[in-house]
Amino acid sequence: MVTGHGPVERALRLWLPVGFFLIVALFPFYWMAVTSLKPNAELYNRHMMPLLVLHPTLKHYVDLLTQTSFLLWTWNTMVVAVVATGISLVLGVMLAYPLARMRFAGAGLIAMTVAAIYLVPQPLLFIPLADLINRLDLGNTLSAVILTYPTMLVPFCAWLLLGYFKTVPKELEEAARIDGASRLQTMRRIFLPLCTPGFISAGIFAFTLSQNEFLYALIFLTRSSVRTVPVGVIAELIRGDVFYWGQLMAGALLGSIPVAIIYSFFVEHYVAGLTSGSVKG
Amino acid sequence: MTIRSETLIGVVPRRRRAASVSGWLDRESVFSWLMMAPPLLFLAALVGYPFCYGILLSLQDRPVAHAGTFVGLKNFATNLNDPIFWKVSANTFLYTAAATLLKMVGGLALAVAMNQQFPLKNLVRALLLLPFIVPTVLSTVAWMWILDPAFSVLNWFLLAVGVPKPGPSWLGNPVLAMASIIVINTWRGLPFYGITLLAGLQTVPPELYEAATIDGASGWQRFRLVTLPLLQPIILIVTLFSVIFTFADFQLVYVLTHGGPQNATQLFATYAFDIAMGAGQLGLGASVALAMFPALALLIVAVTIYMRKK
């Protein structure tokens with residue numbers, strides 16, 4: 001690290017670039033918040049300075065919560081994200097533990113397959129999956145997305161946990177084995193309780209990815225009562241050419257809050273997970 | 001590390017193996033396969049099967065809610081004769097290349113700027129990651145309003161700094177629309193590059209910089225000759241990741257432009273969606289989606305081989 005030489009140079013080297021990145025990163029959120037608080041008279045007035053609100057109002061929030069199914073969408077999104085994350089963590093552990101700890105023929109191949117599946121983007125699979133979901137008669141049920149989200153989350157959790165598991169020392173497991181514990185007991189009682197930070201990282205990622213998913217939800221959920229927030233906002237607050245901008249922004253902001261709150265609590269885990277993949281390897 | 005893992009993996013089990021010779025390995029593999037069976041079956045059913053079924057669909061004429069008829073490679077031939085398909089291919093490559101380049105350069109700049117001591121650094125880092133955390137569809141809605149044809153805040157800025165002409169219709173002009181989706185994709189993905197590269201930068205030993213400084217290297221030389229080579233593996237893996245998901249992007253374009261104006265921002269994923277879900281031609285749509293596969297397969301193989309090597 002090179003030390004700065006004076007306040008001017010420090011401002012140039014540090015605050016100018018960091019400030020620029022901060023403003024660019026945060027402006028859209030500021031704009032969301034300001035727009036959602038503007039009465040329509042200010043919102044659609046081209047001659048007013050748009051960056052501030054003169055007469056803030058919660059009307060758009062009230063309308064959003066009373067005239068649309070936004071609360072129901074939020075509930076759906078939470079149910080889907082929590083259940084899909086839970087399933088993915090369990091299945092992810094079942095993949096990652098043997099791969100991290102056991103030696104058996106084919107382990108390398110399985111590890112590579114899991115990594116490859118993690119990298120398959122949804123647009124490659126959505127058409128056959130749509131047909132499959134139809135045939136299973138799961139269209140317009142939350143099960144459709146609860147079942148399909150883990151296709152991306154399981155390989156992801158397995159991969160992240162695999163990296164974490166390898167950093168956990170083996171001595172305790174060895175000791176438990178010598179004391180006569182079965183492999184399953186060793187894993188459940190001794191090993192998994194040591195891995196809480198890994199589960200938190202994987203869980204937050206899986207949760208954020210579930211909240212973010214759009215394509216499957218768009219295709220599988222076409223009835224308002226089963227929609228998730230992203231699909232509900234896009235499909236029902238934009239009607240034809242009519243944009244309810246105030247409500248749209250209120251919805252976008254409220255929809256972002258659960259993720260932002262979880263993220264703010266676990267930001268260190270999140271960053272650790274983000275960087276573990278490429279840095280620690 | 002090598003010494004430790006040798007004692008753990010090699011010596012201890014070997015001593016134990018002497019006690020219960022052949023059954024040992026068996027039980028290890030039996031346990032592993034039993035444990036992995038449920039997730040593997042799940043992935044086979046919901047990734048493996050749909051993938052193969054998608055290939056089958058691409059060889060069929062398959063209107064939605066009708067039985068399919070096998071047509072061989074006709075769908076692919078249709079695509080090759082479809083000027084929109086070629087436009088979509090060009091769009092996707094341009095979008096991926098431009099956004100990746102911007103994210104890489106911008107991410108490096110962000111990482112270098114953040115690799116200094118300053119108050120509230122953790123808070124700043126957390127705030128910078130927000131675009132990457134917030135659901136893409138929701139932040140894209142904000143961008144939609146920023147680029148609104150009548151009430152664009154950008155155009156208000158242009159007017160405020162004295163540009164005499166009325167501001168452009170950002171999403172109505174083919175070139176500007178493409179530029180817009182590239183910039184917004186960059187806005188969302190840049191923090192991922194920046195924070196990952198920052199973590200990489202923090203592992204560079206300060207002695208290297210000191211040695212380079214003593215040898216008379218300028219700031220730029222230190223960056224080019226010390227930082228870049230050490231970051232290269234991280235840059236490579238982050239870029240490969242990001243290329244895969246930019247190449248197959250759907251949400252941003254679907255919400256912002258629906259592929260318009262005149263297919264100027266249509267990508268493989270959105271075009272496949274339009275054909276399959278809009279026009280109800282599952283077979284042709286599947287063939288468009290599969291057109292992504294060769295490039296994706298190359299990238300996926302590259303990443304997996306690279307990760308295995310590590």
# chains A, B, ... in the order shown; residues from 1 in each chain; ligands from 1
call {"tool": "interface_residues", "arguments": {"of": "chain A", "to": "chain B", "cutoff": "6 Å", "atoms": "only C-alpha atoms", "output": "PyMOL selection string"}}
result
chain A and resi 14+28+32+91+94-95+98+104+123-124+128-129+212+230+252+256+275+278
call {"tool": "closest_atom_pairs", "arguments": {"of": "region 119-176 of chain A", "to": "region 180-185 of chain A", "cutoff": "9 Å", "atoms": "only C-alpha atoms", "output": "tab-separated table"}}
result
residue	atom	partner	partner_atom	distance
A:Glu173	CA	A:Arg183	CA	9.0
A:Ala175	CA	A:Gly180	CA	8.8
A:Ala176	CA	A:Ala181	CA	5.6
call {"tool": "residues_around", "arguments": {"residues": "Tyr44 (chain A)", "least_positions_apart": "4", "cutoff": "12 Å", "atoms": "only C-alpha atoms", "output": "list of chain:residue names"}}
result
A:Thr35, A:Lys38, A:Pro39, A:Asn40, A:Met48, A:Met49, A:Pro50, A:Phe243, A:Tyr244, A:Trp245, A:Gly246, B:Trp145, B:Asp148, B:Ala150, B:Phe151, B:Ser152, B:Val153
call {"tool": "residues_around", "arguments": {"residues": "Gln262 (chain B)", "least_positions_apart": "5", "cutoff": "12 Å", "atoms": "only C-alpha atoms", "output": "PDB file with N, CA and C atoms, in the first residue's frame"}}
result
ATOM      1  N   ILE B  84     -33.199 -12.007 -38.159  1.00  0.00           N
ATOM      2  CA  ILE B  84     -33.271 -11.588 -36.749  1.00  0.00           C
ATOM      3  C   ILE B  84     -32.349 -12.450 -35.901  1.00  0.00           C
ATOM      4  N   LYS B  87     -29.006 -11.114 -36.146  1.00  0.00           N
ATOM      5  CA  LYS B  87     -28.918  -9.865 -35.383  1.00  0.00           C
ATOM      6  C   LYS B  87     -28.809 -10.174 -33.896  1.00  0.00           C
ATOM      7  N   VAL B  88     -29.611 -11.154 -33.457  1.00  0.00           N
ATOM      8  CA  VAL B  88     -29.588 -11.554 -32.051  1.00  0.00           C
ATOM      9  C   VAL B  88     -28.194 -12.062 -31.655  1.00  0.00           C
ATOM     10  N   LEU B 171     -34.306   4.725 -24.765  1.00  0.00           N
ATOM     11  CA  LEU B 171     -34.648   3.338 -25.116  1.00  0.00           C
ATOM     12  C   LEU B 171     -35.370   3.249 -26.458  1.00  0.00           C
ATOM     13  N   GLY B 172     -35.591   4.393 -27.085  1.00  0.00           N
ATOM     14  CA  GLY B 172     -36.272   4.375 -28.371  1.00  0.00           C
ATOM     15  C   GLY B 172     -35.299   4.344 -29.532  1.00  0.00           C
ATOM     16  N   ASN B 173     -34.056   4.685 -29.273  1.00  0.00           N
ATOM     17  CA  ASN B 173     -33.040   4.715 -30.311  1.00  0.00           C
ATOM     18  C   ASN B 173     -32.219   3.419 -30.237  1.00  0.00           C
ATOM     19  N   PRO B 174     -32.088   2.681 -31.366  1.00  0.00           N
ATOM     20  CA  PRO B 174     -31.429   1.366 -31.303  1.00  0.00           C
ATOM     21  C   PRO B 174     -30.037   1.399 -30.671  1.00  0.00           C
ATOM     22  N   VAL B 175     -29.212   2.377 -31.062  1.00  0.00           N
ATOM     23  CA  VAL B 175     -27.845   2.419 -30.545  1.00  0.00           C
ATOM     24  C   VAL B 175     -27.845   2.767 -29.050  1.00  0.00           C
ATOM     25  N   ALA B 177     -30.253   2.367 -26.964  1.00  0.00           N
ATOM     26  CA  ALA B 177     -30.879   1.301 -26.179  1.00  0.00           C
ATOM     27  C   ALA B 177     -29.838   0.231 -25.863  1.00  0.00           C
ATOM     28  N   MET B 178     -29.046  -0.148 -26.857  1.00  0.00           N
ATOM     29  CA  MET B 178     -28.003  -1.140 -26.622  1.00  0.00           C
ATOM     30  C   MET B 178     -26.986  -0.609 -25.609  1.00  0.00           C
ATOM     31  N   THR B 257     -36.399  -3.303 -22.253  1.00  0.00           N
ATOM     32  CA  THR B 257     -36.702  -3.008 -23.663  1.00  0.00           C
ATOM     33  C   THR B 257     -37.534  -4.089 -24.352  1.00  0.00           C
TER      34      THR B 257
END
call {"tool": "select_by_dssp", "arguments": {"residues": "region 47-174 of chain A", "states": "alpha helix (DSSP H)", "output": "VMD selection string"}}
result
chain A and resid 59 to 67 70 to 101 107 to 118 126 to 135 142 to 167 171 to 174
call {"tool": "decode", "arguments": {"residues": "region 34-63 of chain A", "atoms": "N, CA and C atoms", "output": "mmCIF file, in the first residue's frame"}}
result
data_model
loop_
_atom_site.group_PDB
_atom_site.id
_atom_site.type_symbol
_atom_site.label_atom_id
_atom_site.label_comp_id
_atom_site.auth_asym_id
_atom_site.auth_seq_id
_atom_site.Cartn_x
_atom_site.Cartn_y
_atom_site.Cartn_z
ATOM 1 N N VAL A 34 -36.960 8.729 -3.798
ATOM 2 C CA VAL A 34 -37.530 10.059 -4.028
ATOM 3 C C VAL A 34 -38.804 9.960 -4.859
ATOM 4 N N THR A 35 -38.749 9.158 -5.915
ATOM 5 C CA THR A 35 -39.920 9.039 -6.786
ATOM 6 C C THR A 35 -41.118 8.466 -6.044
ATOM 7 N N SER A 36 -40.831 7.480 -5.185
ATOM 8 C CA SER A 36 -41.953 6.827 -4.504
ATOM 9 C C SER A 36 -42.650 7.766 -3.525
ATOM 10 N N LEU A 37 -41.972 8.842 -3.138
ATOM 11 C CA LEU A 37 -42.563 9.767 -2.163
ATOM 12 C C LEU A 37 -43.208 10.988 -2.810
ATOM 13 N N LYS A 38 -43.081 11.090 -4.142
ATOM 14 C CA LYS A 38 -43.609 12.288 -4.799
ATOM 15 C C LYS A 38 -45.094 12.151 -5.100
ATOM 16 N N PRO A 39 -45.873 13.212 -4.843
ATOM 17 C CA PRO A 39 -47.254 13.179 -5.353
ATOM 18 C C PRO A 39 -47.231 13.268 -6.886
ATOM 19 N N ASN A 40 -48.275 12.748 -7.513
ATOM 20 C CA ASN A 40 -48.278 12.712 -8.978
ATOM 21 C C ASN A 40 -48.051 14.076 -9.616
ATOM 22 N N ALA A 41 -48.532 15.147 -8.953
ATOM 23 C CA ALA A 41 -48.374 16.484 -9.509
ATOM 24 C C ALA A 41 -46.894 16.839 -9.676
ATOM 25 N N GLU A 42 -46.046 16.352 -8.755
ATOM 26 C CA GLU A 42 -44.607 16.608 -8.875
ATOM 27 C C GLU A 42 -43.953 15.611 -9.811
ATOM 28 N N LEU A 43 -44.456 14.372 -9.741
ATOM 29 C CA LEU A 43 -43.866 13.275 -10.503
ATOM 30 C C LEU A 43 -43.903 13.569 -11.997
ATOM 31 N N TYR A 44 -45.042 14.103 -12.452
ATOM 32 C CA TYR A 44 -45.213 14.299 -13.886
ATOM 33 C C TYR A 44 -45.146 15.770 -14.271
ATOM 34 N N ASN A 45 -44.261 16.489 -13.589
ATOM 35 C CA ASN A 45 -44.086 17.898 -13.929
ATOM 36 C C ASN A 45 -42.656 18.103 -14.414
ATOM 37 N N ARG A 46 -42.514 18.353 -15.700
ATOM 38 C CA ARG A 46 -41.181 18.416 -16.287
ATOM 39 C C ARG A 46 -40.411 19.677 -15.908
ATOM 40 N N HIS A 47 -41.102 20.634 -15.361
ATOM 41 C CA HIS A 47 -40.416 21.897 -15.107
ATOM 42 C C HIS A 47 -39.884 22.006 -13.691
ATOM 43 N N MET A 48 -40.170 20.981 -12.863
ATOM 44 C CA MET A 48 -39.673 21.041 -11.496
ATOM 45 C C MET A 48 -38.331 20.336 -11.386
ATOM 46 N N MET A 49 -37.530 20.832 -10.428
ATOM 47 C CA MET A 49 -36.266 20.174 -10.161
ATOM 48 C C MET A 49 -36.581 18.773 -9.615
ATOM 49 N N PRO A 50 -36.149 17.707 -10.307
ATOM 50 C CA PRO A 50 -36.671 16.382 -9.940
ATOM 51 C C PRO A 50 -35.951 15.705 -8.770
ATOM 52 N N LEU A 51 -34.827 16.246 -8.312
ATOM 53 C CA LEU A 51 -34.026 15.499 -7.349
ATOM 54 C C LEU A 51 -34.563 15.546 -5.922
ATOM 55 N N LEU A 52 -35.452 16.469 -5.657
ATOM 56 C CA LEU A 52 -35.987 16.584 -4.301
ATOM 57 C C LEU A 52 -37.512 16.468 -4.324
ATOM 58 N N VAL A 53 -38.079 16.144 -3.177
ATOM 59 C CA VAL A 53 -39.534 16.099 -3.047
ATOM 60 C C VAL A 53 -39.978 17.332 -2.283
ATOM 61 N N LEU A 54 -40.963 18.041 -2.810
ATOM 62 C CA LEU A 54 -41.448 19.218 -2.090
ATOM 63 C C LEU A 54 -42.521 18.837 -1.076
ATOM 64 N N HIS A 55 -43.467 17.996 -1.512
ATOM 65 C CA HIS A 55 -44.550 17.594 -0.616
ATOM 66 C C HIS A 55 -44.591 16.073 -0.543
ATOM 67 N N PRO A 56 -43.735 15.492 0.292
ATOM 68 C CA PRO A 56 -43.683 14.031 0.323
ATOM 69 C C PRO A 56 -45.014 13.421 0.757
ATOM 70 N N THR A 57 -45.341 12.300 0.145
ATOM 71 C CA THR A 57 -46.602 11.633 0.466
ATOM 72 C C THR A 57 -46.392 10.131 0.482
ATOM 73 N N LEU A 58 -47.154 9.449 1.311
ATOM 74 C CA LEU A 58 -47.064 7.983 1.341
ATOM 75 C C LEU A 58 -48.174 7.355 0.501
ATOM 76 N N LYS A 59 -48.834 8.187 -0.309
ATOM 77 C CA LYS A 59 -49.990 7.700 -1.058
ATOM 78 C C LYS A 59 -49.658 6.465 -1.899
ATOM 79 N N HIS A 60 -48.474 6.513 -2.568
ATOM 80 C CA HIS A 60 -48.141 5.389 -3.448
ATOM 81 C C HIS A 60 -47.970 4.100 -2.651
ATOM 82 N N TYR A 61 -47.421 4.229 -1.438
ATOM 83 C CA TYR A 61 -47.252 3.034 -0.604
ATOM 84 C C TYR A 61 -48.609 2.497 -0.170
ATOM 85 N N VAL A 62 -49.480 3.424 0.252
ATOM 86 C CA VAL A 62 -50.816 2.995 0.680
ATOM 87 C C VAL A 62 -51.532 2.320 -0.479
ATOM 88 N N ASP A 63 -51.474 2.946 -1.664
ATOM 89 C CA ASP A 63 -52.132 2.351 -2.826
ATOM 90 C C ASP A 63 -51.558 0.976 -3.144
#
